[in-house]
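File shown: upload-v2.txt. Contents: compact mmCIF, C-alpha atoms.
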```txt
# COMPACT_ATOMS: atom_id res chain seq x y z
CA MET A 1 79.03 -93.47 -46.15
CA LYS A 2 80.67 -95.76 -48.73
CA ALA A 3 77.56 -95.49 -50.95
CA TRP A 4 77.61 -91.68 -50.83
CA LEU A 5 81.32 -91.73 -51.70
CA PHE A 6 80.48 -93.68 -54.87
CA VAL A 7 77.55 -91.36 -55.64
CA GLY A 8 80.02 -88.45 -55.40
CA ILE A 9 82.46 -90.19 -57.76
CA ILE A 10 79.65 -90.99 -60.25
CA VAL A 11 78.25 -87.45 -60.26
CA ALA A 12 81.71 -85.86 -60.54
CA ALA A 13 82.88 -88.25 -63.28
CA THR A 14 79.63 -87.84 -65.28
CA ALA A 15 79.73 -84.05 -65.02
CA LEU A 16 83.40 -83.97 -66.01
CA ALA A 17 82.83 -86.39 -68.92
CA ASP A 18 79.92 -84.36 -70.32
CA ALA A 19 81.69 -81.02 -69.84
CA LEU A 20 84.84 -82.32 -71.57
CA GLN A 21 82.76 -83.83 -74.38
CA ALA A 22 80.81 -80.60 -74.91
CA TYR A 23 84.01 -78.51 -74.80
CA GLY A 24 85.84 -80.89 -77.13
CA MET A 25 82.99 -80.92 -79.66
CA ARG A 26 82.73 -77.13 -79.53
CA ARG A 27 86.47 -76.83 -80.23
CA HIS A 28 86.11 -79.28 -83.10
CA GLY A 29 83.32 -77.24 -84.66
CA GLU A 30 79.86 -78.10 -85.91
CA ILE A 31 79.52 -81.43 -87.72
CA ASP A 32 77.02 -80.91 -90.51
CA ASP A 33 78.53 -82.85 -93.41
CA PHE A 34 77.26 -86.43 -93.15
CA ARG A 35 78.97 -87.90 -96.22
CA PRO A 36 81.03 -90.98 -95.25
CA SER A 37 84.35 -89.38 -96.19
CA ALA A 38 83.60 -86.25 -94.12
CA LEU A 39 82.46 -88.35 -91.16
CA GLY A 40 85.67 -90.40 -91.43
CA ARG A 41 87.76 -87.22 -91.32
CA ALA A 42 85.78 -85.96 -88.31
CA ALA A 43 86.26 -89.29 -86.50
CA ALA A 44 90.01 -89.23 -87.20
CA SER A 45 90.22 -85.68 -85.90
CA LEU A 46 88.24 -86.52 -82.75
CA THR A 47 90.57 -89.40 -81.87
CA ARG A 48 93.34 -86.78 -81.55
CA ASN A 49 91.17 -84.43 -79.45
CA TRP A 50 92.41 -84.76 -75.83
CA CYS A 51 89.09 -83.46 -74.44
CA ILE A 52 87.20 -86.30 -76.13
CA ILE A 53 89.78 -88.90 -75.00
CA ALA A 54 89.56 -87.62 -71.39
CA ALA A 55 85.74 -87.60 -71.66
CA VAL A 56 85.72 -91.28 -72.69
CA VAL A 57 88.00 -92.14 -69.72
CA MET A 58 85.65 -90.26 -67.34
CA MET A 59 82.63 -92.05 -68.86
CA ALA A 60 84.34 -95.37 -68.12
CA VAL A 61 85.05 -94.26 -64.51
CA SER A 62 81.39 -93.24 -64.12
CA PHE A 63 80.08 -96.50 -65.64
CA TYR A 64 82.23 -98.83 -63.53
CA SER A 65 81.58 -96.78 -60.36
CA PHE A 66 77.85 -97.12 -61.05
CA LEU A 67 78.20 -100.90 -61.51
CA THR A 68 80.20 -101.09 -58.23
CA LEU A 69 77.55 -99.03 -56.42
CA LEU A 70 74.84 -101.36 -57.72
CA SER A 71 76.76 -104.34 -56.33
CA PHE A 72 76.12 -103.22 -52.73
CA ALA A 73 73.33 -100.61 -52.91
CA ASP A 74 69.76 -100.72 -54.22
CA LEU A 75 68.91 -99.37 -57.68
CA SER A 76 66.19 -97.32 -55.95
CA PHE A 77 68.99 -95.49 -54.09
CA ALA A 78 71.57 -95.33 -56.88
CA VAL A 79 69.42 -93.77 -59.62
CA PRO A 80 67.79 -90.94 -57.60
CA ALA A 81 71.07 -90.05 -55.90
CA SER A 82 72.94 -89.84 -59.20
CA ALA A 83 70.11 -87.75 -60.76
CA ALA A 84 71.75 -84.82 -58.94
CA SER A 85 74.14 -84.75 -61.89
CA TYR A 86 71.50 -82.84 -63.93
CA VAL A 87 71.76 -79.85 -61.60
CA ILE A 88 75.55 -80.15 -61.09
CA GLU A 89 76.08 -80.28 -64.87
CA THR A 90 73.94 -77.17 -65.37
CA VAL A 91 76.24 -75.39 -62.88
CA VAL A 92 79.27 -76.69 -64.82
CA ALA A 93 77.71 -75.54 -68.12
CA LYS A 94 77.20 -72.04 -66.74
CA TRP A 95 80.51 -71.51 -64.96
CA PHE A 96 82.98 -73.50 -67.07
CA LEU A 97 81.38 -73.67 -70.52
CA LYS A 98 80.05 -70.09 -70.22
CA GLU A 99 76.57 -71.04 -71.44
CA ALA A 100 73.72 -68.59 -70.87
CA VAL A 101 71.62 -70.50 -68.34
CA CYS A 102 68.33 -68.69 -67.78
CA TRP A 103 65.66 -69.56 -65.19
CA ARG A 104 63.90 -71.92 -67.62
CA ARG A 105 67.00 -74.09 -67.89
CA TRP A 106 67.57 -74.10 -64.10
CA ALA A 107 63.93 -75.02 -63.51
CA GLY A 108 63.97 -77.61 -66.30
CA ALA A 109 67.11 -79.30 -64.94
CA ALA A 110 65.62 -79.37 -61.41
CA LEU A 111 62.31 -80.80 -62.67
CA VAL A 112 64.10 -83.50 -64.69
CA ALA A 113 66.29 -84.42 -61.67
CA GLY A 114 63.17 -84.67 -59.49
CA GLY A 115 61.37 -86.68 -62.15
CA VAL A 116 64.25 -89.15 -62.53
CA ALA A 117 64.34 -89.56 -58.73
CA LEU A 118 60.59 -90.33 -58.66
CA LEU A 119 60.90 -92.81 -61.55
CA ALA A 120 63.32 -94.87 -59.47
CA LEU A 121 60.85 -95.30 -56.59
CA MET B 122 68.48 -68.58 -84.04
CA SER B 123 68.05 -70.05 -87.51
CA ASP B 124 65.13 -72.33 -88.28
CA SER B 125 67.47 -74.87 -89.89
CA LEU B 126 69.52 -75.16 -86.66
CA ARG B 127 66.34 -75.69 -84.65
CA LEU B 128 65.01 -78.27 -87.12
CA LYS B 129 68.22 -80.29 -87.38
CA THR B 130 68.65 -80.18 -83.58
CA ARG B 131 65.14 -81.55 -83.08
CA ILE B 132 65.66 -84.33 -85.64
CA LEU B 133 69.00 -85.36 -84.11
CA THR B 134 67.51 -85.18 -80.58
CA VAL B 135 64.92 -87.75 -81.69
CA VAL B 136 67.73 -89.98 -83.08
CA VAL B 137 69.74 -89.65 -79.83
CA VAL B 138 66.73 -90.49 -77.65
CA LEU B 139 65.49 -93.43 -79.78
CA ALA B 140 69.01 -94.92 -80.05
CA ASN B 141 69.42 -94.69 -76.26
CA VAL B 142 66.01 -96.14 -75.42
CA GLY B 143 66.27 -98.84 -78.10
CA GLY B 144 69.80 -99.77 -76.99
CA ASP B 145 68.87 -100.02 -73.30
CA PHE B 146 65.70 -101.98 -74.11
CA LEU B 147 67.49 -104.51 -76.36
CA LEU B 148 70.28 -104.99 -73.78
CA SER B 149 67.69 -105.64 -71.07
CA TRP B 150 65.61 -107.92 -73.33
CA GLY B 151 68.67 -109.89 -74.52
CA LEU B 152 70.12 -110.35 -71.03
CA LYS B 153 66.77 -111.48 -69.61
CA ARG B 154 66.22 -114.00 -72.44
CA ARG B 155 69.76 -115.28 -71.99
CA GLY B 156 68.76 -116.59 -68.57
CA ALA B 157 72.03 -117.03 -66.69
CA GLU B 158 73.54 -114.00 -64.95
CA LEU B 159 76.79 -112.56 -66.23
CA GLY B 160 79.62 -114.20 -64.29
CA ALA B 161 82.93 -112.87 -63.07
CA SER B 162 84.71 -114.26 -66.14
CA ALA B 163 85.77 -111.68 -68.70
CA LEU B 164 84.89 -114.20 -71.44
CA ASP B 165 81.20 -113.89 -70.45
CA TYR B 166 81.24 -110.21 -71.36
CA VAL B 167 82.66 -111.03 -74.80
CA THR B 168 80.42 -113.98 -75.67
CA VAL B 169 77.27 -112.09 -74.64
CA LEU B 170 77.97 -109.63 -77.48
CA PHE B 171 77.21 -112.41 -79.97
CA ASN B 172 73.66 -112.61 -78.67
CA PRO B 173 71.73 -110.86 -81.50
CA TRP B 174 69.61 -108.75 -79.09
CA VAL B 175 72.61 -107.65 -77.02
CA GLY B 176 74.76 -107.07 -80.11
CA THR B 177 72.08 -104.89 -81.73
CA GLY B 178 71.64 -103.06 -78.41
CA VAL B 179 75.38 -102.30 -78.26
CA LEU B 180 75.31 -101.04 -81.89
CA LEU B 181 72.41 -98.73 -81.02
CA LEU B 182 74.31 -97.43 -77.96
CA ILE B 183 77.33 -96.71 -80.20
CA LEU B 184 74.95 -94.78 -82.50
CA TRP B 185 73.62 -92.97 -79.38
CA MET B 186 77.09 -91.89 -78.30
CA LEU B 187 78.15 -90.71 -81.77
CA SER B 188 74.89 -88.84 -82.48
CA ARG B 189 75.07 -87.19 -79.03
CA MET B 190 78.60 -85.99 -79.84
CA VAL B 191 77.33 -84.45 -83.09
CA LEU B 192 74.44 -82.83 -81.18
CA LEU B 193 76.89 -81.36 -78.64
CA SER B 194 78.89 -79.86 -81.53
CA TRP B 195 76.01 -77.46 -82.24
CA ALA B 196 73.89 -77.26 -79.07
CA ASP B 197 74.59 -76.31 -75.42
CA LEU B 198 75.18 -79.01 -72.81
CA SER B 199 72.60 -77.34 -70.54
CA TYR B 200 70.09 -77.75 -73.42
CA VAL B 201 71.01 -81.28 -74.58
CA LEU B 202 71.07 -82.87 -71.14
CA PRO B 203 67.52 -82.12 -69.92
CA VAL B 204 65.92 -82.44 -73.37
CA THR B 205 67.31 -85.94 -73.98
CA ALA B 206 66.02 -86.97 -70.53
CA ILE B 207 62.70 -87.66 -72.29
CA GLY B 208 64.33 -91.07 -72.85
CA TYR B 209 63.54 -91.92 -69.19
CA VAL B 210 59.86 -91.47 -70.00
CA LEU B 211 60.07 -93.70 -73.09
CA ASN B 212 61.95 -96.31 -71.04
CA ALA B 213 59.13 -96.33 -68.47
CA VAL B 214 56.52 -96.66 -71.24
CA ALA B 215 58.52 -99.41 -73.02
CA GLY B 216 58.88 -101.28 -69.71
CA ARG B 217 55.12 -101.00 -69.11
CA VAL B 218 54.04 -101.96 -72.65
CA PHE B 219 56.62 -104.54 -73.75
CA LEU B 220 57.95 -105.99 -70.49
CA GLY B 221 54.71 -105.77 -68.45
CA GLU B 222 56.42 -103.81 -65.64
CA HIS B 223 54.26 -102.07 -63.05
CA VAL B 224 54.35 -98.26 -63.18
CA ASN B 225 52.95 -96.78 -59.95
CA ALA B 226 51.62 -93.28 -59.24
CA ALA B 227 55.01 -91.97 -58.07
CA ARG B 228 56.57 -93.04 -61.37
CA TRP B 229 53.82 -91.38 -63.42
CA SER B 230 54.46 -88.21 -61.34
CA GLY B 231 58.12 -88.51 -62.30
CA VAL B 232 57.09 -88.80 -65.97
CA ALA B 233 55.03 -85.60 -65.62
CA LEU B 234 57.94 -83.71 -63.97
CA ILE B 235 60.34 -84.80 -66.75
CA PHE B 236 57.81 -83.71 -69.42
CA ALA B 237 57.56 -80.29 -67.75
CA GLY B 238 61.36 -79.99 -67.52
CA VAL B 239 61.86 -80.98 -71.15
CA TRP B 240 59.17 -78.51 -72.28
CA LEU B 241 60.78 -75.66 -70.30
CA VAL B 242 64.31 -76.30 -71.58
CA GLY B 243 63.07 -77.09 -75.10
CA SER B 244 61.66 -73.57 -75.33
CA THR B 245 65.08 -71.93 -74.77
CA ALA B 246 67.73 -71.02 -77.33
CA ILE B 247 69.71 -74.03 -78.56
CA GLN B 248 73.14 -72.44 -78.69
CA THR B 249 74.33 -69.69 -76.33
CA ALA B 250 77.94 -70.51 -75.50
CA PRO B 251 80.87 -68.53 -76.89
CA GLN B 252 82.45 -70.30 -79.87
CA PRO B 253 86.21 -70.78 -80.47
CA ALA B 254 88.25 -68.43 -82.67
CA GLY B 255 87.10 -68.44 -86.27
CA ASN B 256 83.43 -68.37 -85.39
CA CYS B 257 82.32 -64.77 -85.05
CA ARG B 258 79.01 -65.43 -83.36
CA GLU B 259 78.77 -63.51 -80.09
CA PRO B 260 77.60 -65.27 -76.92
CA ILE B 261 74.08 -64.28 -75.98
CA ALA B 262 73.12 -62.82 -72.65
CA GLU B 263 71.25 -64.87 -70.04
CA ARG B 264 68.13 -62.77 -70.35
CA GLU B 265 68.02 -63.77 -74.03
CA CYS B 266 68.36 -67.48 -73.33
CA ALA B 267 64.59 -67.85 -73.24
CA ARG B 268 64.12 -66.21 -76.61
CA ARG B 269 63.77 -68.31 -79.73
```
Render the structure in this file as C-alpha cells.
Amino acid sequence: MKAWLFVGIIVAATALADALQAYGMRRHGEIDDFRPSALGRAAASLTRNWCIIAAVVMMAVSFYSFLTLLSFADLSFAVPASAASYVIETVVAKWFLKEAVCWRRWAGAALVAGGVALLAL
Amino acid sequence: MSDSLRLKTRILTVVVVLANVGGDFLLSWGLKRRGAELGASALDYVTVLFNPWVGTGVLLLILWMLSRMVLLSWADLSYVLPVTAIGYVLNAVAGRVFLGEHVNAARWSGVALIFAGVWLVGSTAIQTAPQPAGNCREPIAERECARR
C-alpha cells in the first residue's frame, strides 16, 4: 500500500513537472538562436517563468520520492510501476496542453510504457 | 510541417538522448568505481561531485535538461516523451556492452516494444498544440496528427 502511494506521487509529480515544463516553454516561445548572448537572455527569462520554477520543484519531488521508494521497494517494481507515467502524460498532453493526440501517439506511448516495464524485469 | 523543423527536432532529439544516456552511464560508472556506498552525510553528496566520472555525468545531465527544455519549446510533449524513450534501449545496450550486464529475452522484448513505440510516434507531426498569442499558427486536428 505504501509502495503504491509513492508510485502515485512519482507518476503525478512527473506528469505535472513535464506538463508545466512544456507549457512554460511554449509560453516562452521557440528557442532557435543559439548564440551565447541569446541563450543568456533566454535563461534569464526562464528563471522568471513560474511554470518552469514549479516544474523544477515537481521534478525534485519526483526524484526524491523515487529514491525513497527504492529504499524499501525493489527496482524491478519501481521502474515498471512508474512507467505508467508515459500514458498518464499523454492524457495530460491531450486534455490540458490541447495537443492533437492521434492513435499512433496513444499506441506509441502504450508500447513504450510496456517496453520500459519489460526492461525492468 | 517544415523540413527545417523536422531536421532540427531530430538533431536535438539525438543530443537529448545521448546526453541522458551518457550522463546516467557516467554516474553509474563513477559510483561503482568509487567503491563505498553514499552515506547519510550531506557532505558525501558534495564530495562525490569531484569524482571526474560523476562530475562529467552531472554536466551531461545538465545538458540533457537544458536541451530537453529547448526541444519542448518547439515540439509537443506527447511527441518528445515517447521518442526520447529510445534512451532506455541505449542504456540496455551500454549496460550489456560496457558493463557486461546480462540482458534476458524479456528485456530484448522490451527493447523491441520501445523501438515500435518510437517509430509510431516519430512518424507523427512534431507540433500540433495551439501556440500563445502572437503566433498565428492554427492547432491541427487529431486526424491530421499522423500526417507529416
For A:Ala110, find every residue with an atom within 8 Å (counting only C-alpha atoms), except residues of its own chain fewer than 4 positions away, and show them as a PDB file with C-alpha atoms, in the frame of the given file.
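The result, written out as part_3.pdb:
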```pdb
ATOM      1  CA  TYR A  86      71.500 -82.840 -63.930  1.00  0.00           C
ATOM      2  CA  VAL A  87      71.760 -79.850 -61.600  1.00  0.00           C
ATOM      3  CA  TRP A 106      67.570 -74.100 -64.100  1.00  0.00           C
ATOM      4  CA  GLY A 114      63.170 -84.670 -59.490  1.00  0.00           C
TER       5      GLY A 114
ATOM      6  CA  GLY B 238      61.360 -79.990 -67.520  1.00  0.00           C
TER       7      GLY B 238
END
```
- request: Write out as a PyMOL selection string each polymer residue whose atoms come within 9 Å of B:Val138, counting only C-alpha atoms; drop sequence neighbours fewer than 5 positions from it.
  value: chain B and resi 133+143+185+205-208+211
query: Taking into account all atoms listed in the file, which residue in the set A:Gly8, A:Gly40, A:Pro80, A:Gly29 is nearest to chain B?
result: A:Gly29
Please return, as an mmCIF file with C-alpha atoms, keeping the file's coordinate frame, all residues of chain B lying within 6 Å of chain A when all atoms listed in the file are considered.
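Wrote out-v8.cif, looks like this:
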```cif
data_model
loop_
_atom_site.group_PDB
_atom_site.id
_atom_site.type_symbol
_atom_site.label_atom_id
_atom_site.label_comp_id
_atom_site.auth_asym_id
_atom_site.auth_seq_id
_atom_site.Cartn_x
_atom_site.Cartn_y
_atom_site.Cartn_z
ATOM 1 C CA VAL B 191 77.330 -84.450 -83.090
ATOM 2 C CA LEU B 193 76.890 -81.360 -78.640
ATOM 3 C CA SER B 194 78.890 -79.860 -81.530
ATOM 4 C CA TRP B 195 76.010 -77.460 -82.240
ATOM 5 C CA SER B 199 72.600 -77.340 -70.540
ATOM 6 C CA PRO B 203 67.520 -82.120 -69.920
ATOM 7 C CA ALA B 227 55.010 -91.970 -58.070
ATOM 8 C CA ARG B 228 56.570 -93.040 -61.370
ATOM 9 C CA GLY B 231 58.120 -88.510 -62.300
ATOM 10 C CA LEU B 234 57.940 -83.710 -63.970
ATOM 11 C CA ILE B 235 60.340 -84.800 -66.750
ATOM 12 C CA GLY B 238 61.360 -79.990 -67.520
ATOM 13 C CA LEU B 241 60.780 -75.660 -70.300
ATOM 14 C CA VAL B 242 64.310 -76.300 -71.580
ATOM 15 C CA THR B 249 74.330 -69.690 -76.330
ATOM 16 C CA ALA B 250 77.940 -70.510 -75.500
ATOM 17 C CA GLU B 263 71.250 -64.870 -70.040
ATOM 18 C CA CYS B 266 68.360 -67.480 -73.330
#
```
field: Polymer residues at most 8 Å from B:Gly178, all atoms listed in the file, same-chain spacing of 3 or more positions, as JSON, numbers by chain
entry: {"B": [143, 144, 145, 146, 147, 148, 174, 175, 181, 182]}
query: Which is closer to A:Met59 than all the others in B:Val232, B:Met186, B:Tyr166, B:Arg155, using only C-alpha atoms?
result: B:Met186
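For the residues A:Trp4, A:Trp95, A:Phe34, A:Phe66, ranking by smallest atom-to-atom distance to A:Val79 using all atoms listed in the file places A:Phe66 first.
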Would you compute, for all listed atoms of stretch 246-250 of chain B, the axis-aligned bounding box grown by 8 Å on each side, and then report its centre and edge lengths in Å rounded to one decimal, as lines of an AutoDock Vina configuration file?
```
center_x = 72.8
center_y = -71.9
center_z = -77.1
size_x = 26.2
size_y = 20.3
size_z = 19.2
```
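Take atom CA of A:Ala78 and atom CA of A:Val7: the distance between them is 7.3 Å.
Taking atom CA of B:Leu152 and atom CA of B:Val224 as the two end points, the separation is 21.4 Å.
Separating atom CA of B:Tyr200 from atom CA of A:Thr14 is a distance of 16.1 Å.
Across B:Ala246, B:Pro251, B:Gly176, B:Glu222, the tightest approach to B:Ser123 is made by B:Ala246 when counting only C-alpha atoms.
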